[in-house]
Amino acid sequence: MRIAVCVKHVPEGVSRLDPGTGRLDRSGEGTLNHFDANAVEEALRLKGDSDTEVIVVSLGPEKAIDSLRKALAMGADRAVLVSDDTAAGSDLVATSRILAAALEREQPDLVLFGQQASDADGAVLWAAVAERLGRPVVSQAMELSVGDGSLRVKRQTEFGYDTIEAPLPAVVAVSDAINEPRYPSLKGIMGAKKKQQDVLSLADLGVAADEAGESGSRTTVLALADPPARGDARKIEDDGSAAQAVVDFLAEKRLV
Amino acid sequence: MATLVFLEHHGNELQKGSLGVLARAASLGDSDVAAVVAGDGARALASEAGKFGAAKVWVCEDEQVAQPLPQPRVDVLAKVVADGGYDTVLFANSVLAADVAAGLAARLDAGLNWDLVDLELRDGEPVGKRPALQDAVYADVGWSGTPRVALFRAGSFDATATAGGEPDVVEVAPDYAAHSTGARLVGQDEEESSGPSIEDAEIVVAGGRGLGAPENFTLAEELAQALGGAVGATRAVVDAGWYPYSAQIGQTGKTVSPKLYVALGISGAIQHKVGMQSSNVIVSINKDPNAPIFEFSDLGVVGDVHEIVPKLTELIRARKG
């Protein structure tokens with residue numbers, strides 16, 4: 001079996017937007033989106049001692065290779081980075097197009113995603129990629145088992161717990177409740193450097209330049225502004241009188 | 001703008017979040033707004049949709065949409081968009097709606113803006129408002145070309161009934177793509193809540209990991225009782241078995257917007273935040289001064305819940321006499 005895990009390289013620490021482009025500033029240090037670590041972990045758990053191949057796939061700047069190496073250090077077998085200046089600024093429509101092209105090339109039986117991107121809070125990409133690949137999709141997986149050409153997912157929704165089955169090949173987005181990602185071992189970190197890491201351009205994938213980046217996108221950022229003020233937000237430290245301070249605050253707001 | 005709103009229903013009830021989006025779309029007053037309801041019982045809900053501003057309601061009760069799964073609904077929506085000539089499709093965020101919206105955007109090569117909290121018209125063009133970077137920035141976002149797809153943050157709009165009349169009802173029967181019907185729901189375990197509903201409560205007291213142990217939920221229960229509110233919980237404590245799922249607030253739990261939200265020992269992870277951020281007043285108590293919850297609290301108290309909450313409960317009881 002072949003499992004592809006889609007991961008994102010996100011800015012470390014406090015993110016900021018570039019006021020000129022309205023895009024996320026990606027010039028600083030980056031790290032593997034921590035929600036994606038759950039997807040990598042789940043792929044490695046499914047692999048176990050079998051000959052299943054786990055491929056990590058990302059679209060991002062050249063330095064996104066650092067996040068792919070972390071996934072390799074955790075135990076993934078191979079990395080594919082799509083990196084192309086033309087792809088910068090791709091929105092959901094364009095990103096899903098590029099990722100789907102990269103995945104088509106690998107023909108995985110199972111594609112995994114983490115539950116959201118920690119930078120842009122996006123939590124929908126899997127459904128767009130599944131649509132482009134023409135595959136079933138299940139999101140919010142908190143338990144996943146694979147066998148005999150199909151998969152079974154237990155998930156949580158607003159109304160309770162669902163159990164869903166789907167034939168392979170399929171796309172699954174896992175919840176961060178599904179597992180505790182492992183830390184890469186020293187041996188894993190050393191070994192990661194020797195694993196295959198392909199860096200592909202859009203041309204390698206057969207994606208035309210006008211189908212990526214801003215020209216391939218269908219959404220725009222028009223303006224940025226400060227958020228509406230949260231009134232007179234206060235923060236206090238308890239010195240023994242905090243309970244009284246809370247009561248006074250609630251009284252002031254006419255809530256008691 | 002020719003607008004279509006995806007209405008989600010559970011049992012025989014249309015979800016408030018999607019009715020709120022419908023009411024908002026109708027209030028823009030640009031043109032008639034249509035809605036689509038897909039699944040068992042869809043037909044019977046059409047006139048209810050009319051009360052919230054839908055002039056036309058597309059309904060589908062095909063067997064393929066009997067289960068609450070996204071992909072067959074992409075087929076339904078793609079067909080409605082084509083037949084009805086809609087250029088804008090709006091969704092209220094939910095586990096189901098997010099997957100339908102993204103699938104539809106890919107199917108139609110349409111722009112999708114998500115996590116919007118408002119939509120307005122500027123010179124006839126729709127502009128969305130999207131908080132970004134943990135709400136530190138508000139972006140105005142638009143679409144280049146049509147169709148446009150928008151996904152709104154839960155609780156963005158009140159579901160206010162308008163004086164709408166009986167809508168036109170149109171049946172829709174799409175062809176279903178092979179991959180759309182691959183996934184099947186084979187089991188469903190719904191937990192009925194007991195006690196007052198946290199979604200309707202004016203005051204919610206919620207507990208997280210910081211309570212330290214399941215038995216400490218009595219702190220939250222007693223404070224809730226003193227304030228006259230309901231008790232909520234984070235996913236972490238529900239997963240740990242400390243409190244029932246029916247009380248879970250967040251992305252895969254309930255979305256609440258009470259007048260007062262009291263967070264006890266809750267760090268404020270994004271998945272929790274999306275379920276309570278539209279609360280009117282937020283008070284949080286947490287011993288970690290760097291907990292993200294303080295960034296969106298009106299009053300944040302850095303301290304030990306085990307010390308503060310019993311005192312607080314006593315003071316409120318005394319005050320209420």
# chains A, B, ... in the order shown; residues from 1 in each chain; ligands from 1
call {"tool": "closest_atom_pairs", "arguments": {"of": "chain B", "to": "chain A", "cutoff": "6 Å", "atoms": "only C-alpha atoms", "output": "Markdown table"}}
result
| residue | atom | partner | partner_atom | distance |
| --- | --- | --- | --- | --- |
| B:Asp99 | CA | A:Ala127 | CA | 5.3 |
| B:Ala102 | CA | A:Ala128 | CA | 4.9 |
| B:Gly103 | CA | A:Ala128 | CA | 4.6 |
| B:Ala106 | CA | A:Ala128 | CA | 5.0 |
| B:Gly111 | CA | A:Arg218 | CA | 4.2 |
| B:Val137 | CA | A:Asp226 | CA | 5.2 |
| B:Tyr138 | CA | A:Ala225 | CA | 5.1 |
| B:Ala139 | CA | A:Leu224 | CA | 4.5 |
| B:Asp140 | CA | A:Ala223 | CA | 5.1 |
| B:Val141 | CA | A:Val221 | CA | 4.5 |
| B:Gly142 | CA | A:Thr220 | CA | 5.0 |
| B:Trp143 | CA | A:Thr219 | CA | 4.2 |
| B:Ser144 | CA | A:Arg218 | CA | 4.8 |
| B:His179 | CA | A:Arg135 | CA | 5.1 |
| B:Gly182 | CA | A:Pro136 | CA | 5.6 |
| B:Ala183 | CA | A:Ala166 | CA | 4.2 |
| B:Arg184 | CA | A:Glu165 | CA | 5.3 |
| B:Leu185 | CA | A:Ile164 | CA | 4.4 |
| B:Val186 | CA | A:Ile164 | CA | 5.6 |
| B:Gly187 | CA | A:Thr163 | CA | 4.7 |
| B:Gln188 | CA | A:Asp162 | CA | 4.6 |
| B:Asp189 | CA | A:Tyr161 | CA | 5.0 |
| B:Glu190 | CA | A:Gly160 | CA | 4.4 |
| B:Glu191 | CA | A:Gly160 | CA | 5.8 |
| B:Thr252 | CA | A:Thr157 | CA | 4.9 |
| B:Gly253 | CA | A:Glu158 | CA | 4.6 |
| B:Asp298 | CA | A:Ala233 | CA | 4.3 |
| B:Leu299 | CA | A:Arg234 | CA | 4.9 |
| B:Gly300 | CA | A:Lys235 | CA | 4.4 |
| B:Val301 | CA | A:Ile236 | CA | 5.0 |
| B:Val302 | CA | A:Glu237 | CA | 4.6 |
| B:Gly303 | CA | A:Asp238 | CA | 5.1 |
| B:Ile308 | CA | A:Ala243 | CA | 5.6 |
| B:Lys311 | CA | A:Ala243 | CA | 6.0 |
| B:Leu312 | CA | A:Ala243 | CA | 4.7 |
call {"tool": "residues_around", "arguments": {"residues": "B:Ala101", "least_positions_apart": "4", "cutoff": "8 Å", "atoms": "only C-alpha atoms", "output": "list of chain:residue names"}}
result
B:Val74, B:Phe91, B:Ala97, B:Ala105, B:Leu112, B:Val149, B:Ala150, B:Leu151
call {"tool": "select_by_dssp", "arguments": {"residues": "stretch 21-213 of chain A", "states": "strand (DSSP E or B)", "output": "ChimeraX atom specification"}}
result
/A:24,30-32,53-59,78-82,110-113,137-147,150-157,160-167,170-174,196-200
call {"tool": "select_by_dssp", "arguments": {"residues": "stretch 137-298 of chain B", "states": "helix (DSSP H, G or I)", "output": "ChimeraX atom specification"}}
result
/B:178-181,209-211,214-227,235-239,245-247,270-276,292-296
call {"tool": "write_last_selection", "arguments": {"atoms": "N, CA and C atoms", "output": "tab-separated table (two decimals), in the first residue's frame"}}
result
chain	number	residue	atom	x	y	z
B	178	ALA	N	-19.51	8.90	-9.52
B	178	ALA	CA	-19.20	7.61	-8.91
B	178	ALA	C	-18.52	7.78	-7.55
B	179	HIS	N	-17.58	8.74	-7.47
B	179	HIS	CA	-16.84	8.89	-6.20
B	179	HIS	C	-17.70	9.52	-5.11
B	180	SER	N	-18.79	10.18	-5.51
B	180	SER	CA	-19.63	10.88	-4.52
B	180	SER	C	-20.38	9.93	-3.61
B	181	THR	N	-20.61	8.72	-4.09
B	181	THR	CA	-21.43	7.80	-3.29
B	181	THR	C	-20.59	6.66	-2.74
B	209	ARG	N	-9.13	21.02	31.00
B	209	ARG	CA	-8.09	20.21	31.65
B	209	ARG	C	-7.59	20.81	32.96
B	210	GLY	N	-7.59	22.16	33.01
B	210	GLY	CA	-7.06	22.85	34.18
B	210	GLY	C	-7.82	22.58	35.45
B	211	LEU	N	-9.01	21.96	35.34
B	211	LEU	CA	-9.74	21.58	36.55
B	211	LEU	C	-9.00	20.46	37.28
B	214	PRO	N	-11.67	14.76	37.07
B	214	PRO	CA	-13.10	14.77	36.73
B	214	PRO	C	-13.99	15.24	37.87
B	215	GLU	N	-13.63	14.86	39.11
B	215	GLU	CA	-14.51	15.23	40.23
B	215	GLU	C	-14.55	16.74	40.45
B	216	ASN	N	-13.54	17.44	39.93
B	216	ASN	CA	-13.53	18.89	40.09
B	216	ASN	C	-14.53	19.61	39.20
B	217	PHE	N	-15.20	18.85	38.34
B	217	PHE	CA	-16.27	19.49	37.55
B	217	PHE	C	-17.39	20.01	38.44
B	218	THR	N	-17.45	19.53	39.69
B	218	THR	CA	-18.44	20.09	40.62
B	218	THR	C	-18.21	21.59	40.80
B	219	LEU	N	-16.96	22.05	40.67
B	219	LEU	CA	-16.68	23.49	40.75
B	219	LEU	C	-17.45	24.24	39.68
B	220	ALA	N	-17.40	23.70	38.44
B	220	ALA	CA	-18.12	24.32	37.32
B	220	ALA	C	-19.63	24.21	37.53
B	221	GLU	N	-20.07	23.04	38.01
B	221	GLU	CA	-21.51	22.82	38.19
B	221	GLU	C	-22.08	23.74	39.26
B	222	GLU	N	-21.35	23.91	40.35
B	222	GLU	CA	-21.87	24.76	41.42
B	222	GLU	C	-21.88	26.22	41.02
B	223	LEU	N	-20.84	26.64	40.31
B	223	LEU	CA	-20.82	28.03	39.83
B	223	LEU	C	-21.95	28.26	38.82
B	224	ALA	N	-22.16	27.29	37.93
B	224	ALA	CA	-23.23	27.40	36.94
B	224	ALA	C	-24.58	27.51	37.64
B	225	GLN	N	-24.74	26.70	38.69
B	225	GLN	CA	-26.01	26.72	39.41
B	225	GLN	C	-26.22	28.07	40.09
B	226	ALA	N	-25.16	28.61	40.70
B	226	ALA	CA	-25.26	29.90	41.37
B	226	ALA	C	-25.60	31.02	40.37
B	227	LEU	N	-25.03	30.93	39.17
B	227	LEU	CA	-25.26	31.97	38.16
B	227	LEU	C	-26.55	31.73	37.37
B	235	ARG	N	-13.14	19.64	24.39
B	235	ARG	CA	-12.99	18.31	23.79
B	235	ARG	C	-12.01	17.45	24.61
B	236	ALA	N	-10.94	18.08	25.11
B	236	ALA	CA	-9.92	17.32	25.84
B	236	ALA	C	-10.54	16.57	27.02
B	237	VAL	N	-11.40	17.24	27.77
B	237	VAL	CA	-11.97	16.55	28.94
B	237	VAL	C	-13.06	15.56	28.55
B	238	VAL	N	-13.73	15.83	27.42
B	238	VAL	CA	-14.72	14.85	26.93
B	238	VAL	C	-13.99	13.59	26.46
B	239	ASP	N	-12.90	13.79	25.70
B	239	ASP	CA	-12.11	12.64	25.23
B	239	ASP	C	-11.55	11.85	26.42
B	245	TYR	N	-20.14	14.02	26.18
B	245	TYR	CA	-20.00	14.68	24.89
B	245	TYR	C	-21.07	15.75	24.66
B	246	SER	N	-22.27	15.51	25.20
B	246	SER	CA	-23.37	16.46	24.96
B	246	SER	C	-23.03	17.86	25.46
B	247	ALA	N	-22.03	17.98	26.35
B	247	ALA	CA	-21.66	19.30	26.88
B	247	ALA	C	-20.47	19.90	26.13
B	270	ILE	N	-7.74	26.68	19.38
B	270	ILE	CA	-8.57	27.17	18.28
B	270	ILE	C	-9.85	26.35	18.13
B	271	GLN	N	-9.77	25.03	18.34
B	271	GLN	CA	-10.96	24.20	18.17
B	271	GLN	C	-12.03	24.53	19.21
B	272	HIS	N	-11.61	24.97	20.38
B	272	HIS	CA	-12.58	25.37	21.39
B	272	HIS	C	-13.10	26.77	21.09
B	273	LYS	N	-12.19	27.63	20.71
B	273	LYS	CA	-12.52	29.03	20.46
B	273	LYS	C	-13.65	29.18	19.44
B	274	VAL	N	-13.61	28.38	18.37
B	274	VAL	CA	-14.62	28.53	17.32
B	274	VAL	C	-16.02	28.23	17.85
B	275	GLY	N	-16.11	27.52	18.96
B	275	GLY	CA	-17.43	27.19	19.50
B	275	GLY	C	-17.98	28.21	20.47
B	276	MET	N	-17.16	29.19	20.90
B	276	MET	CA	-17.65	30.11	21.92
B	276	MET	C	-17.26	31.57	21.70
B	292	PRO	N	-3.83	31.08	25.56
B	292	PRO	CA	-4.45	31.88	24.49
B	292	PRO	C	-5.83	32.43	24.84
B	293	ILE	N	-6.52	31.78	25.77
B	293	ILE	CA	-7.89	32.22	26.12
B	293	ILE	C	-7.89	33.69	26.56
B	294	PHE	N	-6.78	34.14	27.18
B	294	PHE	CA	-6.74	35.52	27.67
B	294	PHE	C	-6.79	36.53	26.53
B	295	GLU	N	-6.39	36.09	25.34
B	295	GLU	CA	-6.39	37.02	24.21
B	295	GLU	C	-7.79	37.37	23.74
B	296	PHE	N	-8.76	36.57	24.09
B	296	PHE	CA	-10.12	36.93	23.68
B	296	PHE	C	-11.09	36.93	24.86
call {"tool": "residues_around", "arguments": {"residues": "B:Val205", "least_positions_apart": "5", "cutoff": "7 Å", "atoms": "only C-alpha atoms", "output": "ChimeraX atom specification"}}
result
/B:220,224,229-232,261-263
call {"tool": "write_last_selection", "arguments": {"atoms": "C-alpha atoms", "output": "compact mmCIF listing (two decimals), in the first residue's frame"}}
result
# COMPACT_ATOMS: atom_id res chain seq x y z
CA ALA B 220 -18.12 24.32 37.32
CA ALA B 224 -23.23 27.40 36.94
CA GLY B 229 -26.36 28.82 33.75
CA ALA B 230 -25.46 25.57 32.04
CA VAL B 231 -22.19 23.59 32.10
CA GLY B 232 -19.95 23.10 29.07
CA TYR B 261 -19.16 32.61 29.11
CA VAL B 262 -16.98 31.60 32.06
CA ALA B 263 -13.97 29.47 31.13
call {"tool": "atom_distance", "arguments": {"atom1": "atom CA of B:Gly85", "atom2": "atom CA of B:Glu13"}}
result
27.5 Å
call {"tool": "residues_around", "arguments": {"residues": "A:Val57", "least_positions_apart": "5", "cutoff": "7 Å", "atoms": "only C-alpha atoms", "output": "ChimeraX atom specification"}}
result
/A:4-7,79-81
call {"tool": "write_last_selection", "arguments": {"atoms": "C-alpha atoms", "output": "CSV table (one decimal), in the first residue's frame"}}
result
chain,number,residue,atom,x,y,z
A,4,ALA,CA,0.5,10.1,0.9
A,5,VAL,CA,0.4,12.6,3.7
A,6,CYS,CA,-0.2,16.3,2.7
A,7,VAL,CA,1.7,18.6,5.0
A,79,ALA,CA,9.3,13.4,0.4
A,80,VAL,CA,7.8,15.4,-2.5
A,81,LEU,CA,8.0,19.2,-2.4
call {"tool": "residues_around", "arguments": {"residues": "B:Gly53", "least_positions_apart": "6", "cutoff": "12 Å", "atoms": "only C-alpha atoms", "output": "PyMOL selection string"}}
result
chain B and resi 3-5+18-29+31-35+46-47+159-168
call {"tool": "residues_around", "arguments": {"residues": "stretch 64-68 of chain A", "least_positions_apart": "2", "cutoff": "8 Å", "atoms": "only C-alpha atoms", "output": "ChimeraX atom specification"}}
result
/A:7-9,30-32,56-62,70-72,79,81
call {"tool": "atom_distance", "arguments": {"atom1": "atom CA of A:Val54", "atom2": "atom CA of A:Pro11"}}
result
24.6 Å
call {"tool": "atom_distance", "arguments": {"atom1": "atom CA of B:Ala38", "atom2": "atom CA of B:Gln248"}}
result
26.8 Å
call {"tool": "decode", "arguments": {"residues": "stretch 130-228 of chain A", "atoms": "C-alpha atoms", "output": "compact mmCIF listing (two decimals), in the first residue's frame"}}
result
# COMPACT_ATOMS: atom_id res chain seq x y z
CA ALA A 130 -10.69 14.65 -3.09
CA GLU A 131 -13.07 16.23 -5.59
CA ARG A 132 -10.24 16.84 -8.05
CA LEU A 133 -8.95 13.29 -7.62
CA GLY A 134 -12.47 11.88 -7.87
CA ARG A 135 -12.17 9.99 -4.59
CA PRO A 136 -14.32 9.54 -1.50
CA VAL A 137 -13.43 11.82 1.43
CA VAL A 138 -13.98 11.52 5.18
CA SER A 139 -12.99 14.30 7.61
CA GLN A 140 -12.59 14.61 11.39
CA ALA A 141 -11.38 11.01 11.75
CA MET A 142 -10.65 10.09 15.38
CA GLU A 143 -10.13 6.37 14.63
CA LEU A 144 -8.97 4.94 11.32
CA SER A 145 -8.53 1.37 10.16
CA VAL A 146 -7.65 0.12 6.70
CA GLY A 147 -8.07 -3.33 5.26
CA ASP A 148 -9.22 -5.27 2.25
CA GLY A 149 -9.59 -2.39 -0.19
CA SER A 150 -11.61 -0.20 2.14
CA LEU A 151 -11.28 1.97 5.20
CA ARG A 152 -13.35 2.57 8.28
CA VAL A 153 -13.44 5.84 10.20
CA LYS A 154 -14.97 6.80 13.49
CA ARG A 155 -15.47 10.52 13.78
CA GLN A 156 -17.08 13.15 15.91
CA THR A 157 -19.57 15.67 14.53
CA GLU A 158 -21.82 18.26 16.16
CA PHE A 159 -24.42 15.57 16.78
CA GLY A 160 -22.45 12.60 18.05
CA TYR A 161 -20.25 9.90 16.63
CA ASP A 162 -20.39 8.55 13.06
CA THR A 163 -18.82 5.40 11.68
CA ILE A 164 -18.12 5.72 7.96
CA GLU A 165 -16.75 3.20 5.48
CA ALA A 166 -15.29 4.04 2.09
CA PRO A 167 -13.53 2.11 -0.67
CA LEU A 168 -9.87 2.80 -1.41
CA PRO A 169 -8.39 4.87 -2.91
CA ALA A 170 -9.72 7.56 -0.61
CA VAL A 171 -8.87 10.81 1.19
CA VAL A 172 -9.09 11.15 4.99
CA ALA A 173 -8.56 14.19 7.20
CA VAL A 174 -7.65 13.20 10.75
CA SER A 175 -8.57 15.04 13.93
CA ASP A 176 -5.84 15.90 16.42
CA ALA A 177 -7.62 13.59 18.86
CA ILE A 178 -6.58 10.56 16.79
CA ASN A 179 -3.10 10.06 18.25
CA GLU A 180 -0.05 11.61 19.95
CA PRO A 181 2.61 12.25 17.30
CA ARG A 182 6.01 10.75 18.09
CA TYR A 183 9.14 12.86 18.39
CA PRO A 184 11.81 12.08 15.81
CA SER A 185 14.63 10.01 17.30
CA LEU A 186 18.27 10.96 16.78
CA LYS A 187 18.59 7.95 14.48
CA GLY A 188 15.53 9.14 12.58
CA ILE A 189 16.95 12.63 12.19
CA MET A 190 20.27 11.27 10.92
CA GLY A 191 18.53 8.84 8.57
CA ALA A 192 16.19 11.50 7.13
CA LYS A 193 18.99 13.17 5.21
CA LYS A 194 19.56 10.07 3.12
CA LYS A 195 15.91 9.56 2.19
CA GLN A 196 14.67 10.53 -1.25
CA GLN A 197 13.51 14.14 -1.48
CA ASP A 198 12.15 15.34 -4.82
CA VAL A 199 11.60 19.00 -5.53
CA LEU A 200 9.19 19.53 -8.42
CA SER A 201 8.17 22.55 -10.46
CA LEU A 202 4.70 23.21 -11.83
CA ALA A 203 6.03 22.24 -15.26
CA ASP A 204 7.06 18.85 -13.85
CA LEU A 205 3.43 18.35 -12.84
CA GLY A 206 1.99 19.66 -16.08
CA VAL A 207 0.22 22.52 -14.30
CA ALA A 208 0.16 25.67 -16.45
CA ALA A 209 1.50 28.85 -14.87
CA ASP A 210 -1.86 30.62 -15.26
CA GLU A 211 -3.57 27.86 -13.26
CA ALA A 212 -1.43 28.60 -10.19
CA GLY A 213 -0.58 31.53 -7.96
CA GLU A 214 -2.64 34.68 -8.25
CA SER A 215 -3.68 34.10 -11.85
CA GLY A 216 -4.99 30.64 -10.97
CA SER A 217 -6.78 31.87 -7.85
CA ARG A 218 -10.38 33.04 -7.56
CA THR A 219 -10.23 34.93 -4.28
CA THR A 220 -8.58 38.24 -3.41
CA VAL A 221 -7.62 40.18 -0.30
CA LEU A 222 -8.93 43.72 -0.75
CA ALA A 223 -7.87 45.42 2.47
CA LEU A 224 -6.56 44.75 5.96
CA ALA A 225 -7.77 46.48 9.10
CA ASP A 226 -7.45 46.27 12.85
CA PRO A 227 -10.07 44.11 14.52
CA PRO A 228 -12.97 45.75 16.32
